[in-house]
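Peer 1: Shown below is the structure under consideration.
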Number of protein chains: 2
Amino acid sequence: MTPTAPKPGRRKASAMRAPPQRPTIRDVSRLAGVSRMTVSRVVRDLGLVLPQTRDRVNKAIADLGYVPDRTAGSLATRRTGFIALILPTLTNANFAGVAHGLTEALRERDYHLLIAYTDYSQDEEDRQLRNLLARRPEAVVITSSAHRRATSRLLMGADIPVVEIADLPRQPLQHAIGFSNYEAGRTAARYLLGRGFRAIGAVASSTEGDLIDHRGEQRIRGFEDELRMAGRSTALVLRHGRPPVSYGHGAAVAGMLLECRPRPEAVFAVSDLSAVGMVMECQRRGIRIPEDLSVMGFGDFEIGAQIIPPLTTIHIDFRALGRRTGRLLLELLAADASDAPRTIDVGLTVVERASVRKAR
Amino acid sequence: MTPTAPKPGRRKASAMRAPPQRPTIRDVSRLAGVSRMTVSRVVRDLGLVLPQTRDRVNKAIADLGYVPDRTAGSLATRRTGFIALILPTLTNANFAGVAHGLTEALRERDYHLLIAYTDYSQDEEDRQLRNLLARRPEAVVITSSAHRRATSRLLMGADIPVVEIADLPRQPLQHAIGFSNYEAGRTAARYLLGRGFRAIGAVASSTEGDLIDHRGEQRIRGFEDELRMAGRSTALVLRHGRPPVSYGHGAAVAGMLLECRPRPEAVFAVSDLSAVGMVMECQRRGIRIPEDLSVMGFGDFEIGAQIIPPLTTIHIDFRALGRRTGRLLLELLAADASDAPRTIDVGLTVVERASVRKAR
DNA sequence: GCGTCTTGTGTTACCGTGCACATCGGTTCC
DNA sequence: GGAACCGATGTGCACGGTAACACAAGACGC
């Protein structure tokens with residue numbers, strides 16, 4: 001016999017509130033006078049239950065306020081209904097759009113998104129992935145990037161579909177949906193070169209320790225390579241500030257750019273946010289867009305179409321990208337799915353607006 | 001004997017991929033030659049394990065690529081480590097900021113956010129909440145709004161902390177953190193009245209069936225009431241379009257407003273997004289801001305500070321709101337927490353910029 | 001009339017983990 | 001030298017649900 005125990009007590013030693021005592025399927029079954037399985041059948045609408053029995057069970061459910069526990073269900077079925085989604089940040093309309101699109105597509109099969117974001121840190125990505133995998137998602141959607149070795153190993157070892165989105169890596173982990181950020185950069189450069197600009201600049205964030213905007217870097221590299229291939233200097237390509245870029249980034253970097261000699265005639269920003277900030281800063285300084293400086297962005301954020309002059313940019317429908325990803329996942333999660341890696345290019349389009357001067 | 005069955009097969013009848021067979025704590029224990037509890041102690045770092053045993057276990061974990069299953073752990077401990085978060089949308093920097101702030105605060109105790117959004121639909125809110133509760137979150141954070149009766153009942157019956165955010169309802173369900181949207185609207189009206197404007201307008205979305213921006217509506221009501229108390233007409237208060245408002249909303253509604261007689265001298269928009277759209281549309285039409293029309297927004301979105309002229313608005317630090325909410329949750333989830341409902345006003349500040357004309 | 005099928009329901013055995021307690025060898029204490 | 005204690009580890013069961021199978025009763029075919 002225990003010598004000292006005053007009373008058993010059900011609380012954990014760790015300082016946590018006692019878990020709520022919610023009704024279980026057993027409570028329902030007792031109240032309705034049926035077995036737990038019958039309740040389970042009613043709850044999941046599997047049929048094979050007499051209408052009168054079903055009504056009794058439903059009444060008991062309503063009376064008790066029973067809400068089935070998916071945690072327990074997941075353990076039993078080995079299917080959680082979770083899809084893990086790893087993004088750099090949520091504070092970006094395009095990434096948020098991906099989440100929305102995914103949710104839309106997954107809704108019909110009752111999957112729920114488990115969202116994590118990394119703030120552009122690789123360490124955080126690894127940490128978050130570890131947390132997410134412990135929740136046993138049925139698939140992982142991750143923003144394409146340069147992952148840590150450990151991260152990639154974790155992903156591949158999970159034995160579930162992995163979809164990299166928003167880029168087309170040369171060596172995808174498994175499936176990929178997106179567009180080539182490198183080509184996007186080249187496209188921007190070709191567009192500006194085609195307009196006859198001589199002094200062409202670009203702005204991006206710089207890599208700072210663990211923080212890296214891999215996709216932005218791909219764009220800027222594509223841009224640089226295209227400049228080089230055209231025999232132009234890349235001296236006006238500026239990397240500044242830690243990711244993510246923002247209006248403030250554009251404003252700050254605009255000042256730096258305007259001090260460069262030769263002064264750039266046209267600039268490509270790796271994100272509309274930066275481009276818009278740059279346009280505004282120029283206007284504050286009395287620099288006319290596009291007469292004195294042409295600006296091209298990327299991402300086609302809503303604000304770009306609104307500013308004056310409206311921003312020339314590169315459009316990708318991120319929401320549709322999310323939906324497409326969702327549909328792919330539904331395929332991959334079906335029983336008869338092939339495991340053959342799929343790579344889907346959703347393409348990109350240049351949106352010509354007024355922030356880039358017309359050809360001379 | 002079944003007549004046609006070719007082979008039994010382990011697959012479910014429903015068209016689902018076979019669940020992956022991941023190593024369990026039992027596999028680790030066998031490989032390390034210890035009991036499952038010892039593995040569990042190592043994984044959770046509970047101490048009381050010999051260093052050499054710990055190393056053996058860790059080696060086994062690494063060899064197998066074992067990732068503990070939180071689903072099973074949750075069932076056993078009755079603690080999921082989930083916090084449910086219900087927002088109208090993610091495609092809004094301020095709401096996304098709330099999510100970020102919450103995550104920051106909750107990270108230290110290893111809680112994970114379970115995010116759902118309603119797209120401003122009450123039906124969707126109810127549906128999402130039901131889904132979320134089945135995941136047994138330890139608390140619910142929900143954007144304050146007019147909830148369905150069933151939704152409120154569900155929330156209160158869940159027997160977990162419920163925090164309404166981003167408004168201060170007259171009758172909170174339980175806890176509330178935010179600011180009074182009604183007072184925000186009144187503050188905006190007082191600000192414009194104080195500047196001597198006579199013809200004052202406002203723009204918001206309209207309620208369309210199930211779709212309602214409750215908080216925006218509170219702001220616009222506060223605005224109207226303040227106008228009335230000052231003996232002014234509310235004829236220039238326009239409700240148009242379904243929520244959420246956007247740049248496009250502002251642009252569209254600007255046109256409507258400019259046709260009104262008397263022509264408004266000043267306008268309050270329930271969101272900066274709408275305000276910015278309005279400013280841009282006016283500029284496209286050659287209407288000078290603020291000389292011909294003063295514009296005031298709400299929410300202090302980053303873009304507002306960047307446009308020319310910069311937008312006068314009402315600032316709330318949503319990220320801090322999220323952090324504050326996270327800290328409150330950690331308190332509420334501690335064992336010795338009182339259940340006394342708490343209401344926290346985070347306040348708001350008018351940010352005076354150049355889009356509102358100075359007093360005559 | 002008997003076997004077989006169909007329908008509705010119950011029984012059993014897990015799913016992977018953690019808590020409470022048991023166990024066991026080796027102190028320490030007086 | 002025996003009781004109490006301690007550190008390290010193992011055992012049994014519970015968590016809330018579901019898959020698979022068992023079973024009872026009636027329908028049906030020939």
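Identifiers in the structure tokens: chain A, B, ... in order shown; residue index from 1 per chain; ligand index from 1 in order shown.
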Superposing chain A on chain B by least squares with every Cα paired in order, what RMSD results?

Peer 2: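 That gives an RMSD of 0.9 Å.
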
Peer 1: Hey, list the chain A side of the contact with chain D: 7 Å cut-off, only C-alpha atoms (C1' of nucleotides), answer as a ChimeraX atom specification.

Peer 2: /A:24,69,72-73,76-77

Peer 1: Go ahead and dump the residues you just picked, C-alpha atoms, as a short mmCIF file (atom, residue, chain, number, x, y, z; two decimals), in the first residue's frame.

Peer 2:
data_model
loop_
_atom_site.label_atom_id
_atom_site.label_comp_id
_atom_site.auth_asym_id
_atom_site.auth_seq_id
_atom_site.Cartn_x
_atom_site.Cartn_y
_atom_site.Cartn_z
CA THR A 24 -17.15 10.15 -25.82
CA ASP A 69 -12.52 12.98 -31.59
CA ALA A 72 -8.54 9.00 -31.80
CA GLY A 73 -10.05 8.34 -35.18
CA ALA A 76 -7.31 3.97 -35.53
CA THR A 77 -7.56 4.62 -39.26
#

Peer 1: For a quick test of understanding: name the residues of chain C lying within 12 Å of chain A when counting only C-alpha atoms (C1' of nucleotides), and present them as JSON, numbers by chain.

Peer 2: {"C": [6, 7, 8, 9, 10, 11, 12, 13, 14, 15, 16, 17, 18, 19, 20, 21, 22]}

Peer 1: Return as an NGL selection string the full set of residues in range 102-131 of chain A whose backbone-based DSSP assignment is strand (DSSP E).

Peer 2: :A and (112-117)

Peer 1: So which residues touch Leu330 in chain A within 12 Å, counting only C-alpha atoms (C1' of nucleotides), skipping near sequence neighbours fewer than 3 positions away, as a VMD selection string?

Peer 2: (chain A and resid 81 83 102 to 111 138 to 139 161 323 to 327 333 to 337) or (chain B and resid 15 to 17)

Peer 1: Taking only C-alpha atoms into account and nothing else, which residues of chain B lie no more than 8 Å away from chain A? Please answer as a ChimeraX atom specification.

Peer 2: /B:15-20,22,65,67-72,74-75,78-79,90-93,96-97,100,113-115,130,133-136,154,157-160,247,277,280-281,284,302-303,306-308,333-337

Peer 1: As a ChimeraX atom specification, please: every residue in range 305-343 of chain A that a backbone DSSP assignment puts in alpha helix (DSSP H).

Peer 2: /A:305-306,318-332
